[in-house]
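Coordinates as given in final.txt (compact mmCIF, C-alpha atoms):
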```
# COMPACT_ATOMS: atom_id res chain seq x y z
CA GLN A 1 -160.33 20.74 -37.81
CA ASP A 2 -163.68 22.53 -38.25
CA GLU A 3 -162.85 24.87 -35.39
CA VAL A 4 -159.49 25.69 -36.92
CA ARG A 5 -161.10 26.46 -40.29
CA ARG A 6 -163.71 28.70 -38.64
CA VAL A 7 -161.08 30.72 -36.76
CA VAL A 8 -158.86 31.13 -39.83
CA LEU A 9 -161.77 32.35 -41.97
CA ARG A 10 -162.74 34.81 -39.27
CA ILE A 11 -159.19 36.23 -39.25
CA LEU A 12 -159.15 36.45 -43.03
CA ARG A 13 -162.52 38.34 -43.11
CA LYS A 14 -161.17 40.78 -40.46
CA TRP A 15 -158.01 41.67 -42.33
CA GLN A 16 -159.09 41.18 -45.93
CA PRO A 17 -160.39 44.75 -46.38
CA GLN A 18 -156.88 46.06 -45.55
CA TRP A 19 -155.02 43.89 -48.12
CA ASP A 20 -154.03 45.33 -51.41
CA ASP A 21 -153.70 43.29 -54.60
CA SER A 22 -149.97 42.47 -54.16
CA THR A 23 -150.52 41.17 -50.63
CA LEU A 24 -153.47 39.07 -51.73
CA TRP A 25 -151.53 37.72 -54.70
CA GLY A 26 -148.53 36.95 -52.48
CA LEU A 27 -150.75 35.03 -50.11
CA MET A 28 -152.13 33.00 -52.97
CA GLU A 29 -148.60 32.35 -54.33
CA TYR A 30 -147.44 31.18 -50.91
CA ALA A 31 -150.42 28.85 -50.61
CA ARG A 32 -149.60 27.50 -54.03
CA TYR A 33 -145.83 26.98 -53.55
CA ARG A 34 -145.46 26.54 -49.79
CA PHE A 35 -144.49 22.87 -50.06
CA LEU A 36 -141.68 23.81 -52.46
CA TYR A 37 -140.57 26.55 -50.07
CA ASP A 38 -140.48 24.03 -47.21
CA ASP A 39 -138.32 21.63 -49.25
CA LEU A 40 -135.96 24.44 -50.24
CA GLY A 41 -135.72 25.54 -46.64
CA GLN A 42 -134.78 22.06 -45.49
CA GLU A 43 -132.21 21.75 -48.30
CA LEU A 44 -130.68 25.08 -47.38
CA GLY A 45 -130.56 24.02 -43.75
CA ARG A 46 -128.72 20.85 -44.64
CA LYS A 47 -126.26 22.74 -46.84
CA GLU A 48 -125.66 25.31 -44.14
CA GLU A 49 -124.95 22.57 -41.59
CA ALA A 50 -122.52 20.88 -43.99
CA SER A 51 -120.84 24.21 -44.72
CA ASN A 52 -120.49 24.92 -41.02
CA LYS A 53 -118.84 21.51 -40.51
CA ARG A 54 -116.45 22.11 -43.40
CA ILE A 55 -115.63 25.56 -42.07
CA VAL A 56 -114.77 24.02 -38.69
CA GLY A 57 -112.57 21.42 -40.43
CA LEU A 58 -110.81 24.11 -42.47
CA GLN A 59 -110.27 26.17 -39.32
CA ASP A 60 -108.66 23.14 -37.63
CA LEU A 61 -106.49 22.55 -40.72
CA ILE A 62 -105.41 26.19 -40.77
CA ALA A 63 -104.52 25.96 -37.07
CA GLU A 64 -102.43 22.81 -37.73
CA LEU A 65 -100.69 24.48 -40.69
CA ASP A 66 -99.96 27.54 -38.55
CA ARG A 67 -98.42 25.26 -35.89
CA ARG A 68 -96.25 23.49 -38.46
CA ILE A 69 -95.15 26.79 -39.98
CA ALA A 70 -94.18 28.03 -36.52
CA GLU A 71 -92.12 24.85 -35.94
CA LYS A 72 -90.42 25.21 -39.34
CA GLU A 73 -89.62 28.85 -38.63
CA GLN A 74 -88.16 27.82 -35.25
CA ARG A 75 -85.99 25.17 -36.91
CA ILE A 76 -84.85 27.63 -39.56
CA ALA A 77 -83.92 30.11 -36.86
CA GLU A 78 -81.95 27.42 -35.01
CA LYS A 79 -80.17 26.34 -38.21
CA GLU A 80 -79.33 29.95 -39.07
CA GLN A 81 -77.89 30.36 -35.58
CA ARG A 82 -75.90 27.13 -36.00
CA ILE A 83 -74.63 28.29 -39.41
CA ALA A 84 -73.50 31.54 -37.83
CA GLU A 85 -71.70 29.64 -35.07
CA LEU A 86 -70.05 27.34 -37.62
CA GLY A 87 -69.01 30.36 -39.66
CA ASN A 88 -67.31 31.82 -36.61
CA HIS A 89 -65.71 28.44 -35.88
CA VAL A 90 -64.44 28.15 -39.48
CA GLU A 91 -62.94 31.62 -39.29
CA GLU A 92 -61.23 30.70 -36.02
CA GLN A 93 -59.94 27.39 -37.40
CA THR A 94 -58.72 29.11 -40.56
CA TYR A 95 -56.77 31.53 -38.43
CA TRP A 96 -55.19 28.74 -36.36
CA ILE A 97 -54.44 26.67 -39.47
CA SER A 98 -52.55 29.60 -40.93
CA ARG A 99 -50.65 29.93 -37.66
CA LEU A 100 -49.99 26.18 -37.68
CA GLN A 101 -48.71 26.30 -41.26
CA GLU A 102 -46.29 29.04 -40.29
CA SER A 103 -45.15 27.05 -37.24
CA VAL A 104 -44.80 23.85 -39.27
CA LYS A 105 -42.68 25.64 -41.86
CA ASP A 106 -40.44 27.03 -39.13
CA TYR A 107 -40.29 23.61 -37.44
CA ALA A 108 -39.50 21.86 -40.75
CA ASP A 109 -36.58 24.23 -41.31
CA VAL A 110 -35.27 23.50 -37.81
CA VAL A 111 -35.70 19.73 -38.28
CA LYS A 112 -33.98 19.84 -41.66
CA ALA A 113 -31.04 21.68 -40.15
CA ARG A 114 -30.82 19.27 -37.21
CA GLU A 115 -31.08 16.23 -39.50
CA ALA A 116 -28.29 17.58 -41.64
CA HIS A 117 -26.18 18.16 -38.54
CA LEU A 118 -27.00 14.67 -37.24
CA GLN A 119 -26.08 13.10 -40.57
CA VAL A 120 -22.72 14.87 -40.47
CA ILE A 121 -22.12 13.33 -37.04
CA LEU A 122 -23.21 9.83 -38.11
CA ASP A 123 -21.06 9.99 -41.23
CA SER A 124 -18.00 11.09 -39.31
CA THR A 125 -15.02 8.85 -38.64
CA SER A 126 -15.12 9.68 -34.93
CA TRP A 127 -18.63 8.25 -34.59
CA ARG A 128 -17.51 4.96 -36.11
CA LEU A 129 -14.37 4.83 -33.97
CA THR A 130 -16.24 5.50 -30.70
CA ARG A 131 -18.85 2.78 -31.22
CA PRO A 132 -16.91 0.24 -29.06
CA LEU A 133 -16.72 2.86 -26.31
CA ARG A 134 -20.49 3.38 -26.40
CA ALA A 135 -21.03 -0.37 -26.24
CA ALA A 136 -18.72 -0.58 -23.22
CA VAL A 137 -20.68 2.19 -21.47
CA ASP A 138 -23.90 0.22 -22.08
CA LEU A 139 -22.28 -2.81 -20.47
CA VAL A 140 -21.35 -0.76 -17.39
CA ARG A 141 -24.92 0.55 -17.18
CA GLY A 142 -26.30 -2.98 -17.26
CA LYS A 143 -27.76 -2.86 -20.77
CA PRO A 144 -27.32 -5.91 -23.06
CA ALA A 145 -24.17 -5.37 -25.05
CA ILE A 146 -23.35 -8.69 -26.65
CA GLU A 147 -22.93 -6.74 -29.89
CA ALA A 148 -19.85 -5.04 -28.44
CA PRO A 149 -17.47 -7.64 -29.96
CA VAL A 150 -19.12 -6.94 -33.30
CA ALA A 151 -18.55 -3.23 -32.77
CA LEU A 152 -14.92 -3.87 -31.92
CA ALA A 153 -14.51 -6.02 -35.00
CA GLU A 154 -16.06 -3.35 -37.20
CA ALA A 155 -13.85 -0.70 -35.68
CA ALA A 156 -10.81 -2.84 -36.47
CA ARG A 157 -11.78 -3.14 -40.12
CA PRO A 158 -10.49 -0.56 -42.63
CA LEU A 159 -12.82 2.44 -42.72
CA VAL A 160 -14.40 3.61 -45.93
CA GLU A 161 -14.21 7.21 -44.67
CA LEU A 162 -10.40 6.94 -44.69
CA GLY A 163 -10.44 6.04 -48.34
CA GLU A 164 -9.44 2.40 -47.86
CA PRO A 165 -11.33 -0.37 -49.67
CA PRO A 166 -13.97 -2.34 -47.75
CA PRO A 167 -13.10 -5.89 -46.65
CA ALA A 168 -13.39 -8.54 -49.31
CA GLU A 169 -16.51 -10.63 -49.37
CA PRO A 170 -16.01 -14.30 -48.38
CA ALA A 171 -15.71 -16.72 -51.25
CA PRO A 172 -19.03 -18.26 -52.31
CA ALA A 173 -19.75 -21.77 -51.11
CA PRO A 174 -19.53 -24.65 -53.56
CA ALA A 175 -22.68 -25.28 -55.55
CA ALA A 176 -23.46 -28.53 -53.73
CA GLU A 177 -23.25 -26.84 -50.30
CA ALA A 178 -25.38 -23.91 -51.51
CA GLU A 179 -28.09 -26.28 -52.65
CA ALA A 180 -28.02 -28.14 -49.32
CA ALA A 181 -28.39 -24.95 -47.22
CA PRO A 182 -32.04 -24.43 -46.16
CA PRO A 183 -33.71 -21.17 -47.25
CA LYS A 184 -33.79 -18.39 -44.65
CA HIS A 185 -37.11 -18.11 -42.83
CA THR A 186 -39.03 -14.84 -43.19
CA TYR A 187 -39.02 -14.20 -39.43
CA ASP A 188 -35.48 -15.49 -38.77
CA TYR A 189 -33.38 -12.42 -37.96
CA VAL A 190 -30.50 -11.25 -35.79
CA VAL A 191 -31.21 -8.27 -33.55
CA PRO A 192 -28.48 -5.85 -32.34
CA LEU A 193 -28.91 -5.84 -28.58
CA ASP A 194 -28.23 -2.11 -28.32
CA SER A 195 -31.13 -1.33 -30.69
CA GLN A 196 -34.48 0.13 -29.69
CA THR A 197 -36.48 -2.68 -31.30
CA ALA A 198 -39.46 -4.81 -30.29
CA PRO A 199 -37.41 -8.05 -29.78
CA VAL A 200 -35.03 -6.21 -27.44
CA PHE A 201 -37.93 -4.64 -25.52
CA VAL A 202 -39.73 -8.01 -25.26
CA THR A 203 -36.57 -9.60 -23.84
CA GLU A 204 -36.18 -6.78 -21.31
CA LEU A 205 -39.81 -6.98 -20.13
CA VAL A 206 -39.68 -10.78 -19.78
CA GLY A 207 -36.69 -10.54 -17.43
CA LYS A 208 -34.31 -13.28 -16.31
CA ASP A 209 -34.67 -16.89 -15.16
CA ARG A 210 -38.32 -17.17 -16.09
CA ARG A 211 -40.41 -20.10 -17.24
CA VAL A 212 -41.80 -18.71 -20.46
CA LEU A 213 -44.59 -19.82 -22.78
CA GLU A 214 -43.99 -18.18 -26.16
CA ILE A 215 -47.10 -18.11 -28.33
CA GLY A 216 -46.24 -18.13 -32.02
CA CYS A 217 -42.49 -18.41 -31.46
CA GLY A 218 -41.70 -18.61 -35.18
CA PRO A 219 -38.15 -19.75 -35.99
CA GLY A 220 -36.97 -18.72 -32.51
CA SER A 221 -35.48 -15.27 -33.17
CA ILE A 222 -36.74 -13.92 -29.83
CA THR A 223 -36.68 -17.35 -28.16
CA LYS A 224 -32.90 -17.57 -28.35
CA MET A 225 -32.57 -14.03 -26.94
CA MET A 226 -34.71 -14.92 -23.91
CA LYS A 227 -32.71 -18.12 -23.47
CA ASN A 228 -29.17 -16.82 -24.07
CA ILE A 229 -29.51 -13.39 -22.48
CA GLY A 230 -32.10 -13.94 -19.77
CA GLY A 231 -31.47 -17.60 -18.97
CA CYS A 232 -35.17 -18.36 -19.51
CA ARG A 233 -36.64 -21.80 -20.12
CA VAL A 234 -39.00 -21.50 -23.05
CA THR A 235 -41.92 -23.64 -24.16
CA GLY A 236 -43.00 -22.73 -27.67
CA ILE A 237 -46.19 -23.04 -29.70
CA GLU A 238 -45.97 -22.64 -33.48
CA VAL A 239 -47.92 -23.84 -36.52
CA ASP A 240 -45.25 -23.52 -39.25
CA PRO A 241 -43.24 -26.79 -39.54
CA ALA A 242 -40.21 -24.99 -41.02
CA ALA A 243 -40.18 -22.53 -38.12
CA ILE A 244 -40.59 -25.34 -35.57
CA ALA A 245 -37.50 -27.08 -36.98
CA LEU A 246 -35.45 -23.88 -36.45
CA ALA A 247 -36.87 -22.98 -33.02
CA ARG A 248 -36.58 -26.47 -31.51
CA ALA A 249 -32.92 -25.93 -30.56
CA HIS A 250 -33.86 -22.95 -28.36
CA CYS A 251 -36.94 -24.43 -26.62
CA GLU A 252 -37.24 -26.92 -23.79
CA GLU A 253 -40.23 -28.20 -25.71
CA ILE A 254 -42.25 -26.99 -28.67
CA HIS A 255 -45.77 -27.86 -29.82
CA SER A 256 -47.43 -27.61 -33.19
CA GLN A 257 -50.81 -25.89 -32.95
CA ASP A 258 -52.92 -23.36 -34.85
CA LEU A 259 -53.74 -20.45 -32.53
CA ASN A 260 -56.98 -19.81 -34.43
CA ALA A 261 -58.33 -23.09 -33.01
CA GLU A 262 -60.45 -22.47 -29.92
CA ASP A 263 -58.88 -25.38 -28.02
CA TRP A 264 -55.23 -24.54 -28.75
CA PRO A 265 -54.22 -24.49 -25.00
CA GLN A 266 -55.00 -28.22 -24.77
CA VAL A 267 -51.77 -28.98 -26.65
CA LEU A 268 -49.91 -28.12 -23.43
CA GLY A 269 -51.56 -30.92 -21.47
CA GLU A 270 -51.19 -30.63 -17.69
CA HIS A 271 -48.47 -27.96 -17.71
CA GLU A 272 -47.94 -25.88 -14.59
CA PRO A 273 -48.75 -22.18 -14.99
CA PHE A 274 -45.92 -20.12 -16.50
CA ASP A 275 -44.07 -17.14 -15.04
CA THR A 276 -44.49 -15.22 -18.29
CA VAL A 277 -46.55 -15.70 -21.45
CA VAL A 278 -45.21 -13.99 -24.58
CA ALA A 279 -46.91 -13.13 -27.88
CA ALA A 280 -44.49 -11.07 -29.97
CA ASP A 281 -46.21 -9.67 -33.09
CA VAL A 282 -48.71 -12.55 -33.10
CA LEU A 283 -52.18 -11.30 -32.15
CA GLU A 284 -52.57 -9.15 -35.27
CA HIS A 285 -52.39 -12.38 -37.35
CA LEU A 286 -55.35 -14.05 -35.56
CA TYR A 287 -59.06 -14.01 -36.28
CA ASP A 288 -59.99 -13.55 -32.61
CA PRO A 289 -57.05 -12.03 -30.70
CA TRP A 290 -59.40 -11.02 -27.86
CA ARG A 291 -60.25 -14.66 -27.08
CA THR A 292 -56.60 -15.73 -27.51
CA LEU A 293 -55.42 -13.12 -24.99
CA ARG A 294 -58.02 -14.28 -22.46
CA GLN A 295 -56.79 -17.85 -22.92
CA MET A 296 -53.18 -16.71 -22.49
CA ALA A 297 -54.09 -15.07 -19.16
CA GLU A 298 -55.31 -18.44 -17.87
CA LEU A 299 -51.87 -20.01 -18.52
CA MET A 300 -49.80 -17.69 -16.32
CA LYS A 301 -49.22 -17.87 -12.60
CA ARG A 302 -51.33 -15.79 -10.26
CA ASP A 303 -48.43 -13.33 -9.92
CA GLY A 304 -47.23 -13.89 -13.49
CA SER A 305 -47.23 -11.51 -16.43
CA ILE A 306 -47.94 -11.33 -20.15
CA VAL A 307 -45.63 -9.59 -22.64
CA VAL A 308 -47.11 -8.65 -26.01
CA SER A 309 -45.86 -6.61 -28.96
CA LEU A 310 -48.23 -5.18 -31.57
CA PRO A 311 -47.82 -2.94 -34.62
CA HIS A 312 -49.35 0.52 -34.19
CA ALA A 313 -52.04 1.28 -36.79
CA GLY A 314 -51.93 4.99 -35.89
CA HIS A 315 -48.40 5.50 -37.24
CA ALA A 316 -48.22 8.57 -39.48
CA ALA A 317 -46.89 6.55 -42.44
CA LEU A 318 -49.90 4.21 -42.35
CA VAL A 319 -52.32 7.14 -42.01
CA ALA A 320 -50.58 8.80 -44.96
CA SER A 321 -51.09 5.62 -47.00
CA LEU A 322 -54.81 5.83 -46.24
CA ALA A 323 -54.87 9.50 -47.23
CA ASN A 324 -52.98 8.58 -50.39
CA GLU A 325 -55.56 5.87 -51.26
CA ASP A 326 -52.73 3.32 -51.43
CA VAL A 327 -53.08 0.60 -48.79
CA ALA A 328 -51.11 -2.15 -50.52
CA TYR A 329 -50.08 -5.11 -48.38
CA ARG A 330 -46.41 -6.12 -48.20
CA ASP A 331 -44.24 -9.01 -47.11
CA SER A 332 -43.53 -7.35 -43.74
CA GLY A 333 -44.11 -4.20 -41.71
CA LEU A 334 -47.26 -2.38 -40.68
CA LEU A 335 -49.14 -3.72 -43.73
CA ASP A 336 -47.81 -7.27 -43.58
CA ARG A 337 -50.07 -9.26 -45.90
CA THR A 338 -50.80 -11.73 -43.05
CA HIS A 339 -52.15 -9.00 -40.72
CA ILE A 340 -55.92 -9.24 -40.29
CA ARG A 341 -56.35 -7.11 -37.15
CA PHE A 342 -55.21 -3.52 -36.57
CA PHE A 343 -54.91 -1.70 -33.25
CA GLY A 344 -54.57 1.90 -32.13
CA LEU A 345 -53.41 2.72 -28.61
CA LYS A 346 -56.99 2.88 -27.26
CA ASN A 347 -57.77 -0.46 -28.91
CA ILE A 348 -54.72 -2.05 -27.26
CA GLU A 349 -55.89 -0.83 -23.86
CA ALA A 350 -59.37 -2.25 -24.53
CA LEU A 351 -57.83 -5.54 -25.70
CA PHE A 352 -56.16 -6.07 -22.31
CA ALA A 353 -59.08 -4.73 -20.29
CA GLN A 354 -61.49 -7.29 -21.76
CA ALA A 355 -59.02 -10.04 -20.76
CA HIS A 356 -59.07 -8.73 -17.14
CA LEU A 357 -55.45 -7.59 -17.44
CA LYS A 358 -53.86 -4.25 -16.64
CA ILE A 359 -50.83 -2.78 -18.39
CA VAL A 360 -48.01 -2.01 -15.95
CA ASP A 361 -45.08 -1.34 -18.32
CA VAL A 362 -44.71 -0.21 -21.92
CA ARG A 363 -41.99 0.36 -24.52
CA PHE A 364 -42.50 2.20 -27.80
CA VAL A 365 -40.53 1.45 -30.96
CA ILE A 366 -40.04 4.87 -32.53
CA LEU A 367 -39.55 5.28 -36.28
CA THR A 368 -40.16 8.38 -38.36
CA PRO A 369 -42.23 7.84 -41.51
CA GLU A 370 -39.08 8.22 -43.62
CA GLN A 371 -37.51 5.27 -41.76
CA THR A 372 -40.36 2.86 -42.48
CA GLU A 373 -41.22 0.61 -45.40
CA LEU A 374 -44.01 3.11 -46.23
CA ALA A 375 -41.63 6.03 -46.88
CA SER A 376 -42.68 6.31 -50.53
CA GLN A 377 -46.37 6.69 -49.59
CA TRP A 378 -45.37 9.30 -47.02
CA GLN A 379 -43.56 11.34 -49.66
CA GLN A 380 -46.54 11.24 -52.02
CA VAL A 381 -48.90 13.18 -49.73
CA SER A 382 -48.71 16.97 -49.59
CA GLU A 383 -46.44 18.83 -47.21
CA PHE A 384 -49.52 20.21 -45.47
CA VAL A 385 -50.86 16.69 -44.78
CA ARG A 386 -47.45 15.52 -43.55
CA ALA A 387 -47.19 18.52 -41.24
CA ALA A 388 -50.69 17.87 -39.88
CA LEU A 389 -49.94 14.18 -39.27
CA ARG A 390 -46.73 15.02 -37.43
CA THR A 391 -48.70 17.04 -34.87
CA SER A 392 -49.97 13.82 -33.28
CA PRO A 393 -47.84 12.87 -30.26
CA TYR A 394 -48.19 9.22 -31.36
CA ALA A 395 -47.29 9.73 -35.04
CA ASN A 396 -43.89 8.00 -34.82
CA ILE A 397 -44.92 5.02 -32.65
CA TYR A 398 -44.25 2.04 -34.92
CA GLN A 399 -44.69 -0.82 -32.43
CA VAL A 400 -46.03 -1.10 -28.90
CA VAL A 401 -44.56 -3.58 -26.40
CA VAL A 402 -46.44 -3.97 -23.11
CA ARG A 403 -46.22 -6.05 -19.97
CA ALA A 404 -49.54 -6.77 -18.28
CA VAL A 405 -50.64 -8.55 -15.09
CA SER A 406 -53.94 -9.67 -13.64
CA ILE A 407 -56.24 -6.88 -12.48
CA ARG A 408 -56.29 -8.67 -9.10
CA GLN A 409 -52.63 -7.79 -8.52
CA PRO A 410 -51.94 -4.55 -6.61
CA GLY A 411 -50.91 -1.42 -8.42
CA THR A 412 -52.41 1.14 -10.79
CA PRO A 413 -52.47 0.45 -14.55
CA ILE A 414 -50.73 2.90 -16.87
CA SER A 415 -52.31 4.56 -19.89
CA LEU A 416 -50.68 4.14 -23.28
CA LEU A 417 -51.89 7.63 -24.19
CA ASN A 418 -50.08 9.12 -21.21
CA PRO A 419 -47.59 6.53 -19.93
CA ASP A 420 -45.81 9.02 -17.65
```
Structure rendered as structure tokens:
Amino acid sequence: QDEVRRVVLRILRKWQPQWDDSTLWGLMEYARYRFLYDDLGQELGRKEEASNKRIVGLQDLIAELDRRIAEKEQRIAEKEQRIAELGNHVEEQTYWISRLQESVKDYADVVKAREAHLQVILDSTSWRLTRPLRAAVDLVRGKPAIEAPVALAEAARPLVELGEPPPAEPAPAPAAEAEAAPPKHTYDYVVPLDSQTAPVFVTELVGKDRRVLEIGCGPGSITKMMKNIGGCRVTGIEVDPAAIALARAHCEEIHSQDLNAEDWPQVLGEHEPFDTVVAADVLEHLYDPWRTLRQMAELMKRDGSIVVSLPHAGHAALVASLANEDVAYRDSGLLDRTHIRFFGLKNIEALFAQAHLKIVDVRFVILTPEQTELASQWQQVSEFVRAALRTSPYANIYQVVVRAVSIRQPGTPISLLNPD
């Protein structure tokens, strides 16, 4: 320490003559405040370091914001491009809609003229008189024509077109007999055998001389057709006691069972497999029609078949009811109040596929919307909506009747969307 002091004093003596007053005073001020200067220097250093760190953080934040802005700008550019494409698509669709409206108007005029012409034919005396001849032609062609005697009888009656009065109604039964007669069952009906209806199609697809299990046979309306026309031996399953009483006369045997029960096949006991299993307008009433169809497939022979009819939920009249916000259930038809399942054509195909069955034959019951129980709903939608609904090739399919076999049998399944 002494040596350091000696050297410093020597330096000061050497340079002191050259210092002016301000330099000397500055040196004294520094000696006086140097500790404060050191503290300030350290504080400034710390602040500078903190500022540098914050600057780095802000630079990173700016870089992240720039990246996000670039992504947003890219998305905006993509959306603007998509909007432009949609605008072009809307313009194209608007053009084709205008063309379609013109075509629909022209088509409606043609249909109206043809319907008027057809009505003239149907209302003519000659059409009524030639009905027996048409029935006879159906007999020659091998079509069921048991209604021919009815046609002959109607032809023999006085014709309203000729201005003669209609035949008198039969006298009413005595009151006692009327009270004794049982009420008519909802599903008890007589089907003209020359009609294009589901019962007729079911009977055709079942064929002749078959051992048939009819699921949900009801009062036997189709049962008696399979028995009387096809010579089939029918075993029925039904839950309604009133229907069982009516169907018993047409069945070899009939069992009471609820098809919603998982073990419903056990009611058959040790029955041999059947040639054909039928469910005519039944599956849409069940909670799990997919399981029921799989169980039905287990009851047919290895080379047997299943015949099923189902209402078509894609019919234009039902779609119009949806568009009209009026989906009121009814006593019968597409919106039968007991329907709890609805099927389009693709859904029917999937229904059979999941049961390991393939559809090999199909019949469509065709009704225009005006011919259905939903005609009033159809009339309440706009002409534009009706024209658009008519463009569907499946708009008039009211019921679908299919015959299916095991997927293990040879042959290619057919598509309901393109049955040809």
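The gap separating CA of Asp240 (chain A) from CA of Arg337 (chain A) is 16.5 Å, in Å to one decimal.
In this model, the gap between CA of Asn324 (chain A) and CA of Val381 (chain A) comes to 6.2 Å.
Using all atoms listed in the file for every distance, the candidate list A:Pro192, A:Pro199, A:Pro273, A:Gly304 yields A:Gly304 as the residue closest to Gln409 (chain A).
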CA of Asp281 (chain A) to CA of Val400 (chain A), straight-line distance in Å: 9.5 Å
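Closest to Thr235 (chain A) among A:Leu299, A:Val360, A:Val90, A:Leu205 is A:Leu299, based on all atoms listed in the file.
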8 Å contact set for region 217-220 of chain A, all atoms listed in the file, chain neighbours under 2 positions out, as a PyMOL selection string: chain A and resi 185+187-188+214-215+222-224+236-238+240+242-248+250+279-280
Counting only C-alpha atoms, the residue of A:Ala404, A:Ala388, A:Leu416, A:Ile55 that sits nearest Ser305 (chain A): A:Ala404
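Nearest residue to Ser321 (chain A), choosing from A:Glu29, A:Glu373, A:Glu80, A:Asp303 and counting only C-alpha atoms: A:Glu373.
If only C-alpha atoms are the atoms counted, then among A:Thr372, A:Thr391, A:Ser415, A:Gln379 the closest residue to Ile359 (chain A) is A:Ser415.
Restricting the calculation to only C-alpha atoms, the smallest distance between Val282 (chain A) and any of A:Arg341, A:Arg302, A:Arg46, A:Lys105 is found for A:Arg341.
Summary of the local environment: counting only C-alpha atoms, residues at most 10 Å from Phe384 (chain A), other than itself and those fewer than 5 positions away along its chain, are Leu100, Gln101, Val104, Lys105, Leu389 and Arg390 of chain A.
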